[in-house]
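Source file structure.cif; content: mmCIF, N, CA and C atoms.
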```
data_my_file
loop_
_atom_site.group_PDB
_atom_site.id
_atom_site.type_symbol
_atom_site.label_atom_id
_atom_site.label_comp_id
_atom_site.auth_asym_id
_atom_site.auth_seq_id
_atom_site.Cartn_x
_atom_site.Cartn_y
_atom_site.Cartn_z
ATOM 1 N N MET J 1 -9.868 39.949 0.696
ATOM 2 C CA MET J 1 -8.631 39.297 0.302
ATOM 3 C C MET J 1 -8.710 37.797 0.542
ATOM 4 N N LYS J 2 -9.321 37.383 1.638
ATOM 5 C CA LYS J 2 -9.400 35.966 1.949
ATOM 6 C C LYS J 2 -10.275 35.224 0.939
ATOM 7 N N THR J 3 -11.347 35.864 0.456
ATOM 8 C CA THR J 3 -12.234 35.177 -0.486
ATOM 9 C C THR J 3 -11.539 34.933 -1.819
ATOM 10 N N LYS J 4 -10.720 35.876 -2.267
ATOM 11 C CA LYS J 4 -10.004 35.675 -3.521
ATOM 12 C C LYS J 4 -9.028 34.512 -3.402
ATOM 13 N N LEU J 5 -8.340 34.426 -2.286
ATOM 14 C CA LEU J 5 -7.398 33.333 -2.069
ATOM 15 C C LEU J 5 -8.126 31.997 -2.015
ATOM 16 N N ALA J 6 -9.256 31.980 -1.328
ATOM 17 C CA ALA J 6 -10.029 30.741 -1.226
ATOM 18 C C ALA J 6 -10.532 30.330 -2.602
ATOM 19 N N CYS J 7 -10.973 31.288 -3.388
ATOM 20 C CA CYS J 7 -11.466 30.955 -4.728
ATOM 21 C C CYS J 7 -10.343 30.405 -5.598
ATOM 22 N N LYS J 8 -9.148 30.964 -5.488
ATOM 23 C CA LYS J 8 -8.018 30.455 -6.262
ATOM 24 C C LYS J 8 -7.715 29.009 -5.888
ATOM 25 N N ASN J 9 -7.702 28.700 -4.585
ATOM 26 C CA ASN J 9 -7.409 27.342 -4.147
ATOM 27 C C ASN J 9 -8.455 26.356 -4.621
ATOM 28 N N VAL J 10 -9.720 26.740 -4.587
ATOM 29 C CA VAL J 10 -10.783 25.850 -5.058
ATOM 30 C C VAL J 10 -10.605 25.595 -6.546
ATOM 31 N N TYR J 11 -10.305 26.633 -7.296
ATOM 32 C CA TYR J 11 -10.101 26.467 -8.725
ATOM 33 C C TYR J 11 -8.928 25.525 -8.997
ATOM 34 N N LEU J 12 -7.827 25.680 -8.250
ATOM 35 C CA LEU J 12 -6.675 24.821 -8.459
ATOM 36 C C LEU J 12 -6.994 23.380 -8.103
ATOM 37 N N LEU J 13 -7.744 23.175 -7.025
ATOM 38 C CA LEU J 13 -8.101 21.817 -6.639
ATOM 39 C C LEU J 13 -8.995 21.173 -7.694
ATOM 40 N N ASN J 14 -9.982 21.925 -8.182
ATOM 41 C CA ASN J 14 -10.859 21.369 -9.210
ATOM 42 C C ASN J 14 -10.091 21.092 -10.491
ATOM 43 N N PHE J 15 -9.184 21.979 -10.849
ATOM 44 C CA PHE J 15 -8.411 21.781 -12.071
ATOM 45 C C PHE J 15 -7.535 20.544 -11.959
ATOM 46 N N SER J 16 -6.877 20.368 -10.824
ATOM 47 C CA SER J 16 -6.000 19.210 -10.688
ATOM 48 C C SER J 16 -6.806 17.916 -10.663
ATOM 49 N N ARG J 17 -7.983 17.919 -10.049
ATOM 50 C CA ARG J 17 -8.795 16.717 -10.009
ATOM 51 C C ARG J 17 -9.268 16.338 -11.403
ATOM 52 N N ASN J 18 -9.739 17.330 -12.162
ATOM 53 C CA ASN J 18 -10.225 17.045 -13.506
ATOM 54 C C ASN J 18 -9.102 16.621 -14.432
ATOM 55 N N SER J 19 -7.937 17.208 -14.271
ATOM 56 C CA SER J 19 -6.834 16.845 -15.158
ATOM 57 C C SER J 19 -6.389 15.406 -14.905
ATOM 58 N N THR J 20 -6.381 14.947 -13.651
ATOM 59 C CA THR J 20 -5.989 13.560 -13.397
ATOM 60 C C THR J 20 -7.065 12.607 -13.888
ATOM 61 N N ASP J 21 -8.339 12.997 -13.793
ATOM 62 C CA ASP J 21 -9.394 12.135 -14.309
ATOM 63 C C ASP J 21 -9.246 11.966 -15.817
ATOM 64 N N ARG J 22 -8.948 13.046 -16.519
ATOM 65 C CA ARG J 22 -8.781 12.951 -17.961
ATOM 66 C C ARG J 22 -7.567 12.115 -18.330
ATOM 67 N N VAL J 23 -6.497 12.249 -17.565
ATOM 68 C CA VAL J 23 -5.282 11.491 -17.857
ATOM 69 C C VAL J 23 -5.516 10.006 -17.617
ATOM 70 N N THR J 24 -6.178 9.634 -16.523
ATOM 71 C CA THR J 24 -6.384 8.216 -16.224
ATOM 72 C C THR J 24 -7.398 7.591 -17.153
ATOM 73 N N ASP J 25 -8.308 8.382 -17.742
ATOM 74 C CA ASP J 25 -9.257 7.808 -18.686
ATOM 75 C C ASP J 25 -8.585 7.414 -19.993
ATOM 76 N N LYS J 26 -7.512 8.086 -20.378
ATOM 77 C CA LYS J 26 -6.832 7.788 -21.635
ATOM 78 C C LYS J 26 -5.855 6.631 -21.505
ATOM 79 N N VAL J 27 -5.450 6.290 -20.283
ATOM 80 C CA VAL J 27 -4.500 5.208 -20.058
ATOM 81 C C VAL J 27 -5.262 3.884 -20.045
ATOM 82 N N PRO J 28 -4.763 2.855 -20.734
ATOM 83 C CA PRO J 28 -5.439 1.558 -20.694
ATOM 84 C C PRO J 28 -5.496 1.013 -19.273
ATOM 85 N N VAL J 29 -6.522 0.210 -18.998
ATOM 86 C CA VAL J 29 -6.748 -0.301 -17.642
ATOM 87 C C VAL J 29 -5.558 -1.121 -17.168
ATOM 88 N N LYS J 30 -4.915 -1.843 -18.066
ATOM 89 C CA LYS J 30 -3.806 -2.705 -17.671
ATOM 90 C C LYS J 30 -2.621 -1.913 -17.136
ATOM 91 N N GLU J 31 -2.405 -0.708 -17.627
ATOM 92 C CA GLU J 31 -1.245 0.083 -17.241
ATOM 93 C C GLU J 31 -1.516 1.026 -16.065
ATOM 94 N N LYS J 32 -2.734 1.067 -15.546
ATOM 95 C CA LYS J 32 -3.052 1.956 -14.434
ATOM 96 C C LYS J 32 -2.519 1.388 -13.126
ATOM 97 N N LYS J 33 -2.217 2.278 -12.195
ATOM 98 C CA LYS J 33 -1.866 1.867 -10.842
ATOM 99 C C LYS J 33 -3.156 1.558 -10.093
ATOM 100 N N LEU J 34 -3.050 0.817 -9.003
ATOM 101 C CA LEU J 34 -4.232 0.413 -8.254
ATOM 102 C C LEU J 34 -5.026 1.615 -7.753
ATOM 103 N N MET J 35 -4.347 2.655 -7.323
ATOM 104 C CA MET J 35 -5.050 3.827 -6.797
ATOM 105 C C MET J 35 -5.751 4.626 -7.893
ATOM 106 N N ASP J 36 -5.394 4.417 -9.152
ATOM 107 C CA ASP J 36 -6.031 5.132 -10.253
ATOM 108 C C ASP J 36 -7.182 4.363 -10.866
ATOM 109 N N VAL J 37 -7.370 3.111 -10.484
ATOM 110 C CA VAL J 37 -8.422 2.278 -11.055
ATOM 111 C C VAL J 37 -9.742 2.641 -10.406
ATOM 112 N N LYS J 38 -10.778 2.807 -11.227
ATOM 113 C CA LYS J 38 -12.104 3.084 -10.694
ATOM 114 C C LYS J 38 -12.740 1.778 -10.252
ATOM 115 N N LEU J 39 -13.745 1.870 -9.416
ATOM 116 C CA LEU J 39 -14.339 0.688 -8.805
ATOM 117 C C LEU J 39 -14.939 -0.245 -9.847
ATOM 118 N N GLY J 40 -15.520 0.289 -10.899
ATOM 119 C CA GLY J 40 -16.093 -0.547 -11.951
ATOM 120 C C GLY J 40 -15.036 -1.267 -12.779
ATOM 121 N N GLU J 41 -13.842 -0.716 -12.840
ATOM 122 C CA GLU J 41 -12.756 -1.319 -13.623
ATOM 123 C C GLU J 41 -11.934 -2.307 -12.806
ATOM 124 N N LEU J 42 -12.196 -2.418 -11.502
ATOM 125 C CA LEU J 42 -11.363 -3.233 -10.627
ATOM 126 C C LEU J 42 -11.325 -4.714 -11.014
ATOM 127 N N PRO J 43 -12.471 -5.366 -11.307
ATOM 128 C CA PRO J 43 -12.383 -6.790 -11.682
ATOM 129 C C PRO J 43 -11.559 -7.033 -12.947
ATOM 130 N N SER J 44 -11.728 -6.192 -13.954
ATOM 131 C CA SER J 44 -10.941 -6.379 -15.178
ATOM 132 C C SER J 44 -9.469 -6.072 -14.934
ATOM 133 N N TRP J 45 -9.165 -5.113 -14.039
ATOM 134 C CA TRP J 45 -7.785 -4.799 -13.720
ATOM 135 C C TRP J 45 -7.122 -5.973 -13.012
ATOM 136 N N ILE J 46 -7.833 -6.613 -12.084
ATOM 137 C CA ILE J 46 -7.284 -7.759 -11.360
ATOM 138 C C ILE J 46 -7.031 -8.920 -12.311
ATOM 139 N N LEU J 47 -7.951 -9.152 -13.245
ATOM 140 C CA LEU J 47 -7.786 -10.264 -14.186
ATOM 141 C C LEU J 47 -6.634 -10.041 -15.164
ATOM 142 N N MET J 48 -6.231 -8.794 -15.361
ATOM 143 C CA MET J 48 -5.124 -8.499 -16.275
ATOM 144 C C MET J 48 -3.753 -8.601 -15.611
ATOM 145 N N ARG J 49 -3.698 -8.817 -14.308
ATOM 146 C CA ARG J 49 -2.424 -8.944 -13.606
ATOM 147 C C ARG J 49 -1.755 -10.264 -13.957
ATOM 148 N N ASP J 50 -0.456 -10.314 -13.799
ATOM 149 C CA ASP J 50 0.340 -11.501 -14.109
ATOM 150 C C ASP J 50 0.482 -12.351 -12.849
ATOM 151 N N PHE J 51 -0.221 -13.491 -12.801
ATOM 152 C CA PHE J 51 -0.190 -14.359 -11.627
ATOM 153 C C PHE J 51 0.694 -15.576 -11.819
ATOM 154 N N THR J 52 1.592 -15.522 -12.770
ATOM 155 C CA THR J 52 2.556 -16.604 -12.927
ATOM 156 C C THR J 52 3.621 -16.450 -11.843
ATOM 157 N N PRO J 53 4.385 -17.501 -11.568
ATOM 158 C CA PRO J 53 5.444 -17.358 -10.560
ATOM 159 C C PRO J 53 6.431 -16.232 -10.884
ATOM 160 N N LYS J 54 6.727 -16.045 -12.158
ATOM 161 C CA LYS J 54 7.639 -14.973 -12.550
ATOM 162 C C LYS J 54 7.019 -13.596 -12.274
ATOM 163 N N GLY J 55 5.720 -13.452 -12.535
ATOM 164 C CA GLY J 55 5.041 -12.184 -12.281
ATOM 165 C C GLY J 55 4.947 -11.865 -10.801
ATOM 166 N N ILE J 56 4.673 -12.890 -9.983
ATOM 167 C CA ILE J 56 4.590 -12.684 -8.543
ATOM 168 C C ILE J 56 5.971 -12.342 -7.978
ATOM 169 N N ALA J 57 6.998 -13.026 -8.459
ATOM 170 C CA ALA J 57 8.357 -12.712 -8.011
ATOM 171 C C ALA J 57 8.745 -11.288 -8.413
ATOM 172 N N GLY J 58 8.347 -10.867 -9.601
ATOM 173 C CA GLY J 58 8.624 -9.498 -10.035
ATOM 174 C C GLY J 58 7.906 -8.462 -9.174
ATOM 175 N N ALA J 59 6.681 -8.783 -8.757
ATOM 176 C CA ALA J 59 5.940 -7.863 -7.886
ATOM 177 C C ALA J 59 6.624 -7.738 -6.527
ATOM 178 N N PHE J 60 7.089 -8.869 -5.975
ATOM 179 C CA PHE J 60 7.801 -8.809 -4.703
ATOM 180 C C PHE J 60 9.113 -8.045 -4.844
ATOM 181 N N GLN J 61 9.784 -8.235 -5.967
ATOM 182 C CA GLN J 61 11.048 -7.532 -6.189
ATOM 183 C C GLN J 61 10.817 -6.023 -6.295
ATOM 184 N N ARG J 62 9.778 -5.617 -7.019
ATOM 185 C CA ARG J 62 9.471 -4.186 -7.122
ATOM 186 C C ARG J 62 9.118 -3.603 -5.759
ATOM 187 N N GLY J 63 8.347 -4.351 -4.966
ATOM 188 C CA GLY J 63 8.002 -3.887 -3.630
ATOM 189 C C GLY J 63 9.216 -3.751 -2.739
ATOM 190 N N TYR J 64 10.124 -4.734 -2.838
ATOM 191 C CA TYR J 64 11.342 -4.688 -2.029
ATOM 192 C C TYR J 64 12.174 -3.462 -2.403
ATOM 193 N N TYR J 65 12.387 -3.230 -3.702
ATOM 194 C CA TYR J 65 13.211 -2.103 -4.116
ATOM 195 C C TYR J 65 12.549 -0.770 -3.780
ATOM 196 N N ARG J 66 11.220 -0.706 -3.881
ATOM 197 C CA ARG J 66 10.524 0.524 -3.509
ATOM 198 C C ARG J 66 10.714 0.807 -2.018
ATOM 199 N N TYR J 67 10.543 -0.220 -1.187
ATOM 200 C CA TYR J 67 10.716 -0.059 0.264
ATOM 201 C C TYR J 67 12.158 0.301 0.594
ATOM 202 N N TYR J 68 13.109 -0.403 -0.008
ATOM 203 C CA TYR J 68 14.526 -0.176 0.271
ATOM 204 C C TYR J 68 14.927 1.250 -0.090
ATOM 205 N N ASN J 69 14.511 1.723 -1.257
ATOM 206 C CA ASN J 69 14.895 3.068 -1.683
ATOM 207 C C ASN J 69 14.172 4.158 -0.901
ATOM 208 N N LYS J 70 13.003 3.851 -0.347
ATOM 209 C CA LYS J 70 12.261 4.868 0.383
ATOM 210 C C LYS J 70 12.696 4.973 1.843
ATOM 211 N N TYR J 71 13.015 3.853 2.490
ATOM 212 C CA TYR J 71 13.274 3.882 3.921
ATOM 213 C C TYR J 71 14.701 3.525 4.325
ATOM 214 N N VAL J 72 15.405 2.740 3.555
ATOM 215 C CA VAL J 72 16.721 2.270 3.978
ATOM 216 C C VAL J 72 17.840 3.024 3.268
ATOM 217 N N ASN J 73 17.752 3.177 1.977
ATOM 218 C CA ASN J 73 18.806 3.783 1.182
ATOM 219 C C ASN J 73 18.585 5.298 1.063
ATOM 220 N N VAL J 74 18.694 5.999 2.187
ATOM 221 C CA VAL J 74 18.499 7.449 2.207
ATOM 222 C C VAL J 74 19.723 8.108 2.832
ATOM 223 N N LYS J 75 19.859 9.425 2.648
ATOM 224 C CA LYS J 75 21.029 10.132 3.182
ATOM 225 C C LYS J 75 21.050 10.113 4.701
ATOM 226 N N ARG J 76 19.949 10.505 5.307
ATOM 227 C CA ARG J 76 19.907 10.592 6.766
ATOM 228 C C ARG J 76 18.936 9.552 7.298
ATOM 229 N N GLY J 77 19.259 8.308 7.115
ATOM 230 C CA GLY J 77 18.387 7.235 7.562
ATOM 231 C C GLY J 77 18.533 6.959 9.042
ATOM 232 N N GLY J 78 17.513 6.371 9.582
ATOM 233 C CA GLY J 78 17.529 5.998 10.990
ATOM 234 C C GLY J 78 17.113 4.541 11.128
ATOM 235 N N VAL J 79 16.524 4.240 12.250
ATOM 236 C CA VAL J 79 16.104 2.872 12.507
ATOM 237 C C VAL J 79 14.682 2.611 12.018
ATOM 238 N N ALA J 80 14.036 3.590 11.414
ATOM 239 C CA ALA J 80 12.633 3.449 11.022
ATOM 240 C C ALA J 80 12.443 2.335 9.989
ATOM 241 N N GLY J 81 13.298 2.263 9.002
ATOM 242 C CA GLY J 81 13.141 1.256 7.956
ATOM 243 C C GLY J 81 13.253 -0.159 8.483
ATOM 244 N N ILE J 82 14.248 -0.407 9.294
ATOM 245 C CA ILE J 82 14.453 -1.740 9.855
ATOM 246 C C ILE J 82 13.394 -2.054 10.904
ATOM 247 N N SER J 83 12.995 -1.063 11.711
ATOM 248 C CA SER J 83 12.011 -1.321 12.761
ATOM 249 C C SER J 83 10.640 -1.644 12.190
ATOM 250 N N MET J 84 10.291 -1.090 11.023
ATOM 251 C CA MET J 84 9.012 -1.440 10.396
ATOM 252 C C MET J 84 9.007 -2.896 9.956
ATOM 253 N N VAL J 85 10.115 -3.365 9.422
ATOM 254 C CA VAL J 85 10.202 -4.772 9.024
ATOM 255 C C VAL J 85 10.107 -5.662 10.250
ATOM 256 N N LEU J 86 10.786 -5.301 11.310
ATOM 257 C CA LEU J 86 10.738 -6.074 12.545
ATOM 258 C C LEU J 86 9.333 -6.090 13.137
ATOM 259 N N ALA J 87 8.654 -4.951 13.143
ATOM 260 C CA ALA J 87 7.284 -4.887 13.665
ATOM 261 C C ALA J 87 6.341 -5.736 12.830
ATOM 262 N N ALA J 88 6.497 -5.723 11.515
ATOM 263 C CA ALA J 88 5.656 -6.555 10.652
ATOM 264 C C ALA J 88 5.918 -8.033 10.906
ATOM 265 N N TYR J 89 7.174 -8.397 11.128
ATOM 266 C CA TYR J 89 7.527 -9.785 11.419
ATOM 267 C C TYR J 89 6.902 -10.250 12.735
ATOM 268 N N VAL J 90 6.974 -9.402 13.763
ATOM 269 C CA VAL J 90 6.394 -9.752 15.063
ATOM 270 C C VAL J 90 4.885 -9.875 14.962
ATOM 271 N N LEU J 91 4.232 -8.950 14.273
ATOM 272 C CA LEU J 91 2.787 -8.999 14.100
ATOM 273 C C LEU J 91 2.354 -10.234 13.309
ATOM 274 N N PHE J 92 3.101 -10.559 12.266
ATOM 275 C CA PHE J 92 2.791 -11.746 11.467
ATOM 276 C C PHE J 92 2.881 -13.011 12.313
ATOM 277 N N ASN J 93 3.931 -13.152 13.107
ATOM 278 C CA ASN J 93 4.084 -14.339 13.956
ATOM 279 C C ASN J 93 3.042 -14.390 15.060
ATOM 280 N N TYR J 94 2.653 -13.239 15.590
ATOM 281 C CA TYR J 94 1.600 -13.219 16.602
ATOM 282 C C TYR J 94 0.281 -13.698 16.012
ATOM 283 N N CYS J 95 -0.049 -13.218 14.814
ATOM 284 C CA CYS J 95 -1.293 -13.655 14.162
ATOM 285 C C CYS J 95 -1.237 -15.140 13.823
ATOM 286 N N ARG J 96 -0.078 -15.615 13.437
ATOM 287 C CA ARG J 96 0.074 -17.017 13.072
ATOM 288 C C ARG J 96 -0.089 -17.934 14.284
ATOM 289 N N CYS J 97 0.372 -17.514 15.449
ATOM 290 C CA CYS J 97 0.348 -18.345 16.659
ATOM 291 C C CYS J 97 -0.768 -17.958 17.616
ATOM 292 N N TYR J 98 -1.770 -17.206 17.163
ATOM 293 C CA TYR J 98 -2.790 -16.695 18.074
ATOM 294 C C TYR J 98 -3.589 -17.811 18.729
ATOM 295 N N LYS J 99 -3.918 -18.879 17.983
ATOM 296 C CA LYS J 99 -4.704 -19.966 18.566
ATOM 297 C C LYS J 99 -4.000 -20.573 19.776
ATOM 298 N N GLU J 100 -2.727 -20.867 19.634
ATOM 299 C CA GLU J 100 -1.974 -21.455 20.735
ATOM 300 C C GLU J 100 -1.820 -20.477 21.894
ATOM 301 N N LEU J 101 -1.607 -19.211 21.583
ATOM 302 C CA LEU J 101 -1.460 -18.218 22.640
ATOM 303 C C LEU J 101 -2.770 -18.012 23.395
ATOM 304 N N LYS J 102 -3.887 -18.047 22.687
ATOM 305 C CA LYS J 102 -5.185 -17.897 23.335
ATOM 306 C C LYS J 102 -5.464 -19.085 24.242
ATOM 307 N N HIS J 103 -5.115 -20.276 23.780
ATOM 308 C CA HIS J 103 -5.309 -21.484 24.573
ATOM 309 C C HIS J 103 -4.447 -21.431 25.841
ATOM 310 N N GLU J 104 -3.237 -20.951 25.701
ATOM 311 C CA GLU J 104 -2.303 -20.850 26.824
ATOM 312 C C GLU J 104 -2.795 -19.827 27.846
ATOM 313 N N ARG J 105 -3.407 -18.769 27.383
ATOM 314 C CA ARG J 105 -3.871 -17.719 28.266
ATOM 315 C C ARG J 105 -5.020 -18.187 29.161
ATOM 316 N N LEU J 106 -5.879 -19.067 28.640
ATOM 317 C CA LEU J 106 -7.033 -19.512 29.398
ATOM 318 C C LEU J 106 -6.721 -20.691 30.323
ATOM 319 N N ARG J 107 -5.550 -21.238 30.263
ATOM 320 C CA ARG J 107 -5.177 -22.399 31.067
ATOM 321 C C ARG J 107 -4.874 -21.972 32.507
ATOM 322 N N LYS J 108 -5.312 -22.801 33.467
ATOM 323 C CA LYS J 108 -5.043 -22.519 34.881
ATOM 324 C C LYS J 108 -3.782 -23.256 35.307
ATOM 325 N N TYR J 109 -3.002 -22.624 36.156
ATOM 326 C CA TYR J 109 -1.727 -23.213 36.584
ATOM 327 C C TYR J 109 -1.747 -23.679 38.028
ATOM 328 N N HIS J 110 -2.895 -23.829 38.630
ATOM 329 C CA HIS J 110 -2.940 -24.299 40.013
ATOM 330 C C HIS J 110 -3.844 -25.468 40.190
#
```
Starting from the file, give its structure as C-alpha cells.
Amino acid sequence: MKTKLACKNVYLLNFSRNSTDRVTDKVPVKEKKLMDVKLGELPSWILMRDFTPKGIAGAFQRGYYRYYNKYVNVKRGGVAGISMVLAAYVLFNYCRCYKELKHERLRKYH
C-alpha cells in the first residue's frame, strides 16, 4: 500500500513540475516573474525592466501593496507586520552606521 501511494506522489510531483515548465516556456520573458526566469534568460529579463522613475515608483508601490495586504490588512492581524518593518529599519540603520559604531567600540575610555 505504501509503494502505491509513493508512486502516486512522485507522478503528481513530476506532472506539476513539467506543466509549469511548459507554461513558463510559452510566456514571453518580459512577462515572467523573477522566480520563473531561467538563469540563461536572466540578463535579457533584467534589461527588459522599466528603470525610469515612474517604473521604479510603480515597483515600490506594488511591493508596498503586496506587503500591506499580506501582513497588515488581514482579519486576525497581530504585531508581525509592523515589527518586520521596524526590524528592517533598525537593521538598515545599523548597517549604515557600522563604521562609526566599530570605531566607538575600539576606543578606550581610561
Atom N of Gly77 (chain J) to atom C of Tyr65 (chain J), distance in Å rounded to a single decimal: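 The value is 15.7 Å.
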Within 12 Å of Glu31 (chain J) using only C-alpha atoms, minus same-chain residues under 4 positions, as a ChimeraX atom specification: /J:24-27,35-37,44-46,48-49
Interatomic distance, CA of Gly81 (chain J) to CA of Ala59 (chain J) (Å, one decimal):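 CA of Ala59 (chain J) lies 19.6 Å from CA of Gly81 (chain J).
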Pairwise distance for CA of Leu47 (chain J) and CA of Lys33 (chain J), rounded to one decimal in Å: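 Value for the CA of Leu47 (chain J)-CA of Lys33 (chain J) distance: 13.9 Å.
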Could N, CA, C and O atoms be built for region 56-68 of chain J and written out as a short mmCIF file (atom, residue, chain, number, x, y, z; two decimals), keeping the file's coordinate frame?
```
data_model
loop_
_atom_site.label_atom_id
_atom_site.label_comp_id
_atom_site.auth_asym_id
_atom_site.auth_seq_id
_atom_site.Cartn_x
_atom_site.Cartn_y
_atom_site.Cartn_z
N ILE J 56 4.67 -12.89 -9.98
CA ILE J 56 4.59 -12.68 -8.54
C ILE J 56 5.97 -12.34 -7.98
O ILE J 56 6.11 -11.45 -7.13
N ALA J 57 7.00 -13.03 -8.46
CA ALA J 57 8.36 -12.71 -8.01
C ALA J 57 8.74 -11.29 -8.41
O ALA J 57 9.38 -10.56 -7.63
N GLY J 58 8.35 -10.87 -9.60
CA GLY J 58 8.62 -9.50 -10.04
C GLY J 58 7.91 -8.46 -9.17
O GLY J 58 8.46 -7.41 -8.87
N ALA J 59 6.68 -8.78 -8.76
CA ALA J 59 5.94 -7.86 -7.89
C ALA J 59 6.62 -7.74 -6.53
O ALA J 59 6.75 -6.64 -5.98
N PHE J 60 7.09 -8.87 -5.98
CA PHE J 60 7.80 -8.81 -4.70
C PHE J 60 9.11 -8.04 -4.84
O PHE J 60 9.50 -7.29 -3.96
N GLN J 61 9.78 -8.24 -5.97
CA GLN J 61 11.05 -7.53 -6.19
C GLN J 61 10.82 -6.02 -6.30
O GLN J 61 11.56 -5.23 -5.71
N ARG J 62 9.78 -5.62 -7.02
CA ARG J 62 9.47 -4.19 -7.12
C ARG J 62 9.12 -3.60 -5.76
O ARG J 62 9.53 -2.50 -5.42
N GLY J 63 8.35 -4.35 -4.97
CA GLY J 63 8.00 -3.89 -3.63
C GLY J 63 9.22 -3.75 -2.74
O GLY J 63 9.34 -2.79 -1.99
N TYR J 64 10.12 -4.73 -2.84
CA TYR J 64 11.34 -4.69 -2.03
C TYR J 64 12.17 -3.46 -2.40
O TYR J 64 12.63 -2.73 -1.53
N TYR J 65 12.39 -3.23 -3.70
CA TYR J 65 13.21 -2.10 -4.12
C TYR J 65 12.55 -0.77 -3.78
O TYR J 65 13.22 0.20 -3.42
N ARG J 66 11.22 -0.71 -3.88
CA ARG J 66 10.52 0.52 -3.51
C ARG J 66 10.71 0.81 -2.02
O ARG J 66 11.00 1.93 -1.62
N TYR J 67 10.54 -0.22 -1.19
CA TYR J 67 10.72 -0.06 0.26
C TYR J 67 12.16 0.30 0.59
O TYR J 67 12.42 1.22 1.38
N TYR J 68 13.11 -0.40 -0.01
CA TYR J 68 14.53 -0.18 0.27
C TYR J 68 14.93 1.25 -0.09
O TYR J 68 15.61 1.94 0.68
#
```
